[in-house]
$ cat model-v5.txt   # compact mmCIF, C-alpha atoms
# COMPACT_ATOMS: atom_id res chain seq x y z
CA MET F 1 -10.53 -0.24 24.97
CA ARG F 2 -8.80 -0.52 21.62
CA LEU F 3 -5.26 0.87 21.74
CA HIS F 4 -3.98 3.39 19.22
CA ARG F 5 -1.62 1.82 16.68
CA PHE F 6 1.45 3.50 15.16
CA PHE F 7 4.03 2.61 12.53
CA LEU F 8 7.64 3.23 13.48
CA THR F 9 9.92 3.80 10.49
CA GLU F 10 13.21 4.22 12.34
CA ASN F 11 15.52 1.46 13.54
CA ILE F 12 15.70 1.00 17.31
CA ASN F 13 19.29 0.74 18.56
CA GLY F 14 20.23 -0.49 15.09
CA GLY F 15 17.60 -3.23 15.04
CA LYS F 16 13.92 -4.12 15.21
CA ILE F 17 11.62 -3.65 18.19
CA GLY F 18 11.44 -7.40 18.90
CA ALA F 19 14.98 -7.40 20.31
CA GLN F 20 14.28 -4.56 22.75
CA LYS F 21 12.74 -4.28 26.21
CA GLU F 22 12.76 -0.49 26.18
CA PHE F 23 13.40 1.95 23.36
CA SER F 24 13.01 5.62 22.44
CA ILE F 25 11.11 7.22 19.58
CA GLU F 26 13.16 10.10 18.20
CA SER F 27 10.51 11.27 15.73
CA ALA F 28 9.14 14.66 16.75
CA GLU F 29 6.14 14.15 14.47
CA LEU F 30 5.17 10.79 15.97
CA THR F 31 5.84 12.04 19.50
CA ASN F 32 3.57 15.02 18.86
CA GLN F 33 0.86 12.74 17.49
CA ILE F 34 0.95 10.49 20.55
CA ARG F 35 1.34 13.22 23.18
CA ARG F 36 -0.65 16.14 21.81
CA VAL F 37 -3.08 14.78 19.22
CA PHE F 38 -4.18 11.69 21.16
CA ARG F 39 -3.23 13.21 24.55
CA LEU F 40 -1.64 10.01 25.84
CA LYS F 41 0.32 10.17 29.09
CA ASN F 42 2.94 8.17 30.97
CA ALA F 43 1.71 4.63 31.76
CA ASP F 44 -0.78 4.75 28.86
CA LYS F 45 -0.34 1.96 26.31
CA VAL F 46 -0.01 2.00 22.54
CA ILE F 47 0.59 -0.55 19.79
CA ILE F 48 3.77 -0.09 17.72
CA PHE F 49 4.63 -2.04 14.55
CA ASP F 50 7.74 -1.82 12.40
CA GLY F 51 7.04 -3.93 9.31
CA SER F 52 8.39 -7.12 10.88
CA GLY F 53 4.95 -8.73 11.03
CA PHE F 54 4.49 -8.22 14.77
CA ASP F 55 2.52 -5.75 16.87
CA PHE F 56 4.16 -4.64 20.11
CA GLU F 57 2.09 -3.45 23.03
CA CYS F 58 4.12 -0.73 24.72
CA GLU F 59 3.77 1.42 27.81
CA ILE F 60 4.76 5.09 27.69
CA ALA F 61 7.63 5.51 30.13
CA GLY F 62 8.52 9.19 29.84
CA GLY F 63 10.62 11.13 27.35
CA GLU F 64 11.69 14.58 26.26
CA LYS F 65 9.85 17.24 24.23
CA ASP F 66 10.46 15.62 20.84
CA SER F 67 11.08 12.02 21.93
CA LEU F 68 9.25 9.29 23.75
CA ASN F 69 10.43 6.36 25.87
CA LEU F 70 8.48 3.12 25.49
CA ARG F 71 8.61 -0.16 27.39
CA VAL F 72 7.62 -3.36 25.53
CA VAL F 73 4.88 -5.19 27.44
CA SER F 74 3.93 -7.94 25.00
CA SER F 75 3.93 -8.84 21.31
CA GLU F 76 1.77 -10.75 18.87
CA ARG F 77 1.62 -11.30 15.14
CA SER F 78 -0.05 -8.53 13.18
CA HIS F 79 -3.59 -9.30 12.07
CA TYR F 80 -2.63 -9.27 8.40
CA MET F 81 0.54 -9.56 6.32
CA PRO F 82 0.44 -9.82 2.51
CA LYS F 83 1.27 -13.35 1.35
CA ARG F 84 2.77 -12.29 -1.98
CA ASP F 85 3.91 -9.16 -3.77
CA ILE F 86 1.11 -7.32 -5.56
CA TYR F 87 2.04 -4.27 -7.59
CA LEU F 88 -0.76 -1.83 -8.38
CA CYS F 89 0.12 0.21 -11.48
CA ALA F 90 -2.66 2.78 -11.33
CA ALA F 91 -2.99 5.58 -13.86
CA ILE F 92 -2.91 8.99 -12.22
CA THR F 93 -6.35 10.43 -11.55
CA LYS F 94 -7.39 13.64 -9.87
CA LYS F 95 -5.86 14.20 -6.42
CA ASP F 96 -8.68 13.10 -4.11
CA THR F 97 -9.42 10.01 -6.17
CA PHE F 98 -5.82 8.81 -6.26
CA GLU F 99 -5.39 9.34 -2.54
CA TRP F 100 -8.51 7.22 -1.99
CA ILE F 101 -7.01 4.54 -4.28
CA VAL F 102 -3.82 4.48 -2.18
CA GLU F 103 -5.81 4.14 1.03
CA LYS F 104 -7.98 1.27 -0.20
CA ALA F 105 -5.13 -0.53 -1.97
CA THR F 106 -3.21 -0.46 1.30
CA GLU F 107 -6.15 -1.93 3.19
CA LEU F 108 -6.49 -4.68 0.57
CA GLY F 109 -2.85 -5.76 0.87
CA VAL F 110 -1.03 -4.27 -2.11
CA THR F 111 2.73 -4.26 -1.48
CA HIS F 112 3.78 -1.70 -4.11
CA ILE F 113 1.86 1.22 -5.62
CA ILE F 114 3.15 2.68 -8.88
CA PRO F 115 1.45 5.86 -10.15
CA VAL F 116 1.39 5.68 -13.96
CA LEU F 117 1.25 8.70 -16.23
CA ALA F 118 -1.17 7.54 -18.92
CA GLU F 119 -2.17 9.31 -22.12
CA ARG F 120 -5.57 10.20 -20.68
CA SER F 121 -4.40 11.14 -17.18
CA GLU F 122 -5.93 14.52 -16.38
CA LYS F 123 -3.37 15.18 -13.65
CA LYS F 124 0.38 14.95 -14.25
CA SER F 125 1.83 15.13 -10.73
CA LEU F 126 1.21 13.85 -7.19
CA ASN F 127 2.34 14.67 -3.67
CA GLU F 128 4.36 11.53 -2.96
CA VAL F 129 5.03 12.52 0.68
CA ARG F 130 1.29 12.81 1.34
CA LEU F 131 0.61 9.49 -0.43
CA ARG F 132 3.14 7.73 1.82
CA LYS F 133 1.49 9.28 4.89
CA ILE F 134 -1.91 8.01 3.72
CA ALA F 135 -0.46 4.52 3.25
CA VAL F 136 0.99 4.56 6.77
CA GLU F 137 -2.30 5.69 8.30
CA ALA F 138 -4.26 3.04 6.37
CA SER F 139 -1.84 0.34 7.59
CA GLU F 140 -2.15 1.58 11.18
CA GLN F 141 -5.94 1.54 11.10
CA SER F 142 -6.41 -1.76 9.23
CA GLY F 143 -4.15 -3.89 11.44
CA ARG F 144 -1.77 -4.58 8.58
CA GLY F 145 1.78 -5.45 9.66
CA SER F 146 3.58 -3.64 6.85
CA VAL F 147 3.29 -0.48 4.77
CA PRO F 148 3.27 -0.58 0.95
CA THR F 149 6.05 1.04 -1.02
CA ILE F 150 4.97 4.11 -3.01
CA LEU F 151 7.16 4.35 -6.10
CA PRO F 152 7.79 7.55 -8.09
CA ILE F 153 5.60 8.30 -11.09
CA ASN F 154 6.35 6.03 -14.06
CA ASN F 155 5.24 6.31 -17.63
CA LEU F 156 3.58 3.16 -18.96
CA GLU F 157 6.72 1.92 -20.70
CA GLN F 158 8.69 2.16 -17.44
CA ALA F 159 5.99 0.34 -15.45
CA ILE F 160 5.81 -2.45 -18.02
CA SER F 161 9.61 -2.74 -18.03
CA LEU F 162 9.57 -3.13 -14.23
CA ALA F 163 6.90 -5.80 -14.49
CA ASN F 164 8.77 -7.75 -17.16
CA SER F 165 12.03 -7.61 -15.19
CA THR F 166 10.46 -9.03 -12.02
CA GLU F 167 11.18 -12.72 -11.51
CA ASN F 168 8.20 -15.10 -11.93
CA MET F 169 5.95 -12.10 -12.57
CA LYS F 170 2.34 -12.36 -13.71
CA SER F 171 0.68 -9.26 -15.16
CA VAL F 172 -2.81 -8.24 -16.16
CA ALA F 173 -4.10 -4.97 -17.60
CA PHE F 174 -7.79 -4.18 -17.25
CA HIS F 175 -9.67 -2.60 -20.14
CA THR F 176 -13.36 -2.39 -21.01
CA GLU F 177 -12.99 -4.06 -24.42
CA ALA F 178 -11.40 -7.42 -23.67
CA GLU F 179 -12.11 -10.98 -22.59
CA LEU F 180 -13.57 -11.46 -19.12
CA PHE F 181 -11.12 -11.91 -16.25
CA THR F 182 -11.82 -15.22 -14.48
CA ASP F 183 -10.41 -17.25 -11.60
CA ALA F 184 -8.38 -19.23 -14.14
CA ASP F 185 -6.37 -16.05 -14.85
CA ILE F 186 -5.21 -15.75 -11.23
CA ASP F 187 -1.87 -17.08 -10.00
CA THR F 188 -2.01 -17.15 -6.21
CA LYS F 189 1.73 -17.68 -5.70
CA SER F 190 3.55 -15.41 -8.15
CA PRO F 191 4.20 -11.66 -7.89
CA THR F 192 1.34 -9.95 -9.71
CA PHE F 193 1.20 -6.62 -11.52
CA VAL F 194 -2.26 -5.09 -11.89
CA PHE F 195 -2.62 -2.26 -14.42
CA ILE F 196 -5.65 0.03 -14.05
CA GLY F 197 -6.26 2.89 -16.50
CA PRO F 198 -7.52 6.44 -15.93
CA GLU F 199 -10.98 7.84 -16.46
CA GLY F 200 -11.65 7.11 -20.11
CA GLY F 201 -9.52 3.99 -20.02
CA TRP F 202 -6.29 3.06 -21.73
CA SER F 203 -5.76 4.48 -25.22
CA ALA F 204 -5.58 2.21 -28.27
CA ASP F 205 -1.80 2.70 -28.38
CA GLU F 206 -1.47 1.72 -24.71
CA VAL F 207 -3.57 -1.41 -25.20
CA ASP F 208 -1.38 -2.27 -28.18
CA LEU F 209 1.70 -1.82 -25.97
CA PHE F 210 0.30 -4.30 -23.45
CA HIS F 211 -0.21 -6.86 -26.22
CA LYS F 212 3.30 -6.32 -27.61
CA SER F 213 4.70 -6.73 -24.08
CA LYS F 214 2.80 -10.02 -23.67
CA ILE F 215 0.68 -8.66 -20.82
CA ALA F 216 -2.82 -10.10 -20.67
CA VAL F 217 -5.62 -7.60 -21.27
CA LYS F 218 -8.87 -8.46 -19.51
CA CYS F 219 -12.16 -6.82 -18.50
CA LEU F 220 -14.07 -6.93 -15.23
CA GLY F 221 -17.53 -7.19 -16.76
CA ASN F 222 -19.92 -5.51 -19.17
CA GLN F 223 -20.44 -2.42 -17.06
CA VAL F 224 -18.17 0.62 -17.37
CA LEU F 225 -16.47 1.24 -14.01
CA ARG F 226 -14.89 4.38 -12.66
CA ALA F 227 -11.12 4.08 -12.22
CA GLU F 228 -11.30 3.85 -8.44
CA THR F 229 -14.08 1.25 -8.60
CA ALA F 230 -12.05 -0.83 -11.05
CA VAL F 231 -9.14 -0.78 -8.60
CA ILE F 232 -11.29 -2.22 -5.80
CA VAL F 233 -12.91 -4.88 -7.98
CA ALA F 234 -9.65 -5.99 -9.59
CA LEU F 235 -7.68 -6.12 -6.35
CA SER F 236 -10.48 -7.97 -4.56
CA LYS F 237 -10.31 -10.70 -7.22
CA VAL F 238 -6.53 -10.93 -7.10
CA VAL F 239 -6.01 -10.64 -3.34
CA PHE F 240 -8.86 -12.82 -2.12
CA SER F 241 -8.50 -15.62 -4.67
CA ASN F 242 -8.15 -19.15 -3.25
$ encode --input "model-v5.txt" --output "structure tokens"
Amino acid sequence: MRLHRFFLTENINGGKIGAQKEFSIESAELTNQIRRVFRLKNADKVIIFDGSGFDFECEIAGGEKDSLNLRVVSSERSHYMPKRDIYLCAAITKKDTFEWIVEKATELGVTHIIPVLAERSEKKSLNEVRLRKIAVEASEQSGRGSVPTILPINNLEQAISLANSTENMKSVAFHTEAELFTDADIDTKSPTFVFIGPEGGWSADEVDLFHKSKIAVKCLGNQVLRAETAVIVALSKVVFSN
């Protein structure tokens, strides 16, 4: 039977799980999820990961109302860890769509997600706490050994400034009216910033800003894609390139 998998955000005795034989979870929320949502009991086993790249099989060994004692049984490398930093700068879309983008970007291996307030963004705000929770859950379910960082909302100028200040950065902005993005445009070793516009695409002024900032502007094909579809197609090309 497949064991339930949980991400632990807190340090254990000042360190990572790998140095421990037994440890306690002090998170009431995680304890409640394990005990009451999944109804796991003493001697049941779970998988815990902490972003170190390892999964730890642990046995429940008691605990209090809002805490849980775990005993490490074994460890193995997580099924997937991103090989390089990939920053998704995604224009804010309506709530459900952007939450779906965060979930799928996490599954695909993005390391940083930057919500961008674009000229054509219909929505101006997001629930960052909920987005982080979605990223954690997607990492737990996909076997990923880390959780992406969700940054605060940036305007486009701020996101471009972050990209241009990142060492050895490569950036690409996707737009319907541009040259086709090909394998030759992919750098498989450098940090990569991927800019995806909102429904309706980037405005003429925003495209001009990309050009002035020396960020390549490319398209994904002749068809017009929804914002969330463009995210999946673009990330699939960048992440799974040889």
$ closest_atom_pairs --input "model-v5.txt" --of "stretch 85-189 of chain F" --to "stretch 206-228 of chain F" --cutoff "8 Å" --atoms "only C-alpha atoms" --output "Markdown table"
| residue | atom | partner | partner_atom | distance |
| --- | --- | --- | --- | --- |
| F:Thr93 | CA | F:Ala227 | CA | 8.0 |
| F:Thr97 | CA | F:Glu228 | CA | 6.8 |
| F:Phe98 | CA | F:Glu228 | CA | 7.7 |
| F:Trp100 | CA | F:Glu228 | CA | 7.8 |
| F:Ile101 | CA | F:Glu228 | CA | 6.0 |
| F:Leu156 | CA | F:Glu206 | CA | 7.8 |
| F:Ile160 | CA | F:Ser213 | CA | 7.5 |
| F:Ser171 | CA | F:Ile215 | CA | 5.7 |
| F:Val172 | CA | F:Ala216 | CA | 4.9 |
| F:Ala173 | CA | F:Val217 | CA | 4.8 |
| F:Phe174 | CA | F:Lys218 | CA | 5.0 |
| F:His175 | CA | F:Cys219 | CA | 5.2 |
| F:Thr176 | CA | F:Cys219 | CA | 5.2 |
| F:Glu177 | CA | F:Cys219 | CA | 6.6 |
| F:Ala178 | CA | F:Lys218 | CA | 5.0 |
| F:Glu179 | CA | F:Lys218 | CA | 5.1 |
| F:Leu180 | CA | F:Cys219 | CA | 4.9 |
| F:Phe181 | CA | F:Lys218 | CA | 5.3 |
$ residues_around --input "model-v5.txt" --residues "F:Phe193" --least-positions-apart "3" --cutoff "8 Å" --atoms "all atoms listed in the file" --output "ChimeraX atom specification"
/F:86-89,163,169-172
$ residues_around --input "model-v5.txt" --residues "stretch 53-63 of chain F" --least-positions-apart "6" --cutoff "9 Å" --atoms "only C-alpha atoms" --output "PyMOL selection string"
chain F and resi 3+5+17-18+22+24-25+40-47+69-81+143-146
$ write_last_selection --input "model-v5.txt" --atoms "C-alpha atoms" --output "mmCIF file, keeping the file's coordinate frame"
data_model
loop_
_atom_site.group_PDB
_atom_site.id
_atom_site.type_symbol
_atom_site.label_atom_id
_atom_site.label_comp_id
_atom_site.auth_asym_id
_atom_site.auth_seq_id
_atom_site.Cartn_x
_atom_site.Cartn_y
_atom_site.Cartn_z
ATOM 1 C CA LEU F 3 -5.260 0.870 21.740
ATOM 2 C CA ARG F 5 -1.620 1.820 16.680
ATOM 3 C CA ILE F 17 11.620 -3.650 18.190
ATOM 4 C CA GLY F 18 11.440 -7.400 18.900
ATOM 5 C CA GLU F 22 12.760 -0.490 26.180
ATOM 6 C CA SER F 24 13.010 5.620 22.440
ATOM 7 C CA ILE F 25 11.110 7.220 19.580
ATOM 8 C CA LEU F 40 -1.640 10.010 25.840
ATOM 9 C CA LYS F 41 0.320 10.170 29.090
ATOM 10 C CA ASN F 42 2.940 8.170 30.970
ATOM 11 C CA ALA F 43 1.710 4.630 31.760
ATOM 12 C CA ASP F 44 -0.780 4.750 28.860
ATOM 13 C CA LYS F 45 -0.340 1.960 26.310
ATOM 14 C CA VAL F 46 -0.010 2.000 22.540
ATOM 15 C CA ILE F 47 0.590 -0.550 19.790
ATOM 16 C CA ASN F 69 10.430 6.360 25.870
ATOM 17 C CA LEU F 70 8.480 3.120 25.490
ATOM 18 C CA ARG F 71 8.610 -0.160 27.390
ATOM 19 C CA VAL F 72 7.620 -3.360 25.530
ATOM 20 C CA VAL F 73 4.880 -5.190 27.440
ATOM 21 C CA SER F 74 3.930 -7.940 25.000
ATOM 22 C CA SER F 75 3.930 -8.840 21.310
ATOM 23 C CA GLU F 76 1.770 -10.750 18.870
ATOM 24 C CA ARG F 77 1.620 -11.300 15.140
ATOM 25 C CA SER F 78 -0.050 -8.530 13.180
ATOM 26 C CA HIS F 79 -3.590 -9.300 12.070
ATOM 27 C CA TYR F 80 -2.630 -9.270 8.400
ATOM 28 C CA MET F 81 0.540 -9.560 6.320
ATOM 29 C CA GLY F 143 -4.150 -3.890 11.440
ATOM 30 C CA ARG F 144 -1.770 -4.580 8.580
ATOM 31 C CA GLY F 145 1.780 -5.450 9.660
ATOM 32 C CA SER F 146 3.580 -3.640 6.850
#
$ closest_residue --input "model-v5.txt" --among "F:Lys237, F:Arg36, F:Arg120, F:His4" --to "F:Ala184" --atoms "all atoms listed in the file"
F:Lys237
$ closest_residue --input "model-v5.txt" --among "F:Leu151, F:Ile196, F:Ala28, F:Ile48" --to "F:Ala91" --atoms "only C-alpha atoms"
F:Ile196
$ atom_distance --input "model-v5.txt" --atom1 "atom CA of F:Arg84" --atom2 "atom CA of F:Pro191"
6.1 Å
$ closest_residue --input "model-v5.txt" --among "F:Val102, F:Ala138, F:Leu30, F:Val231" --to "F:Pro198" --atoms "all atoms listed in the file"
F:Val231
$ closest_residue --input "model-v5.txt" --among "F:Ile92, F:Val136, F:Leu131, F:Ile153" --to "F:Glu199" --atoms "all atoms listed in the file"
F:Ile92
$ atom_distance --input "model-v5.txt" --atom1 "atom CA of F:Arg39" --atom2 "atom CA of F:Thr106"
27.0 Å
$ atom_distance --input "model-v5.txt" --atom1 "atom CA of F:Asp96" --atom2 "atom CA of F:Ala204"
26.7 Å
$ closest_atom_pairs --input "model-v5.txt" --of "stretch 145-194 of chain F" --to "stretch 107-117 of chain F" --cutoff "8 Å" --atoms "all atoms listed in the file" --output "Markdown table"
| residue | atom | partner | partner_atom | distance |
| --- | --- | --- | --- | --- |
| F:Val147 | CA | F:Thr111 | CA | 7.3 |
| F:Pro148 | CA | F:Thr111 | CA | 4.4 |
| F:Thr149 | CA | F:His112 | CA | 4.7 |
| F:Ile150 | CA | F:Ile113 | CA | 5.0 |
| F:Leu151 | CA | F:Ile114 | CA | 5.2 |
| F:Pro152 | CA | F:Ile114 | CA | 6.8 |
| F:Ile153 | CA | F:Pro115 | CA | 4.9 |
| F:Asn154 | CA | F:Val116 | CA | 5.0 |
| F:Asn155 | CA | F:Leu117 | CA | 4.9 |
| F:Leu156 | CA | F:Val116 | CA | 6.0 |
| F:Ala159 | CA | F:Val116 | CA | 7.2 |
$ closest_residue --input "model-v5.txt" --among "F:Ser165, F:Gln158, F:Ala90, F:Thr31" --to "F:Phe195" --atoms "all atoms listed in the file"
F:Ala90
$ closest_residue --input "model-v5.txt" --among "F:Phe49, F:Ile232, F:Thr166, F:Asn127" --to "F:Glu103" --atoms "only C-alpha atoms"
F:Ile232
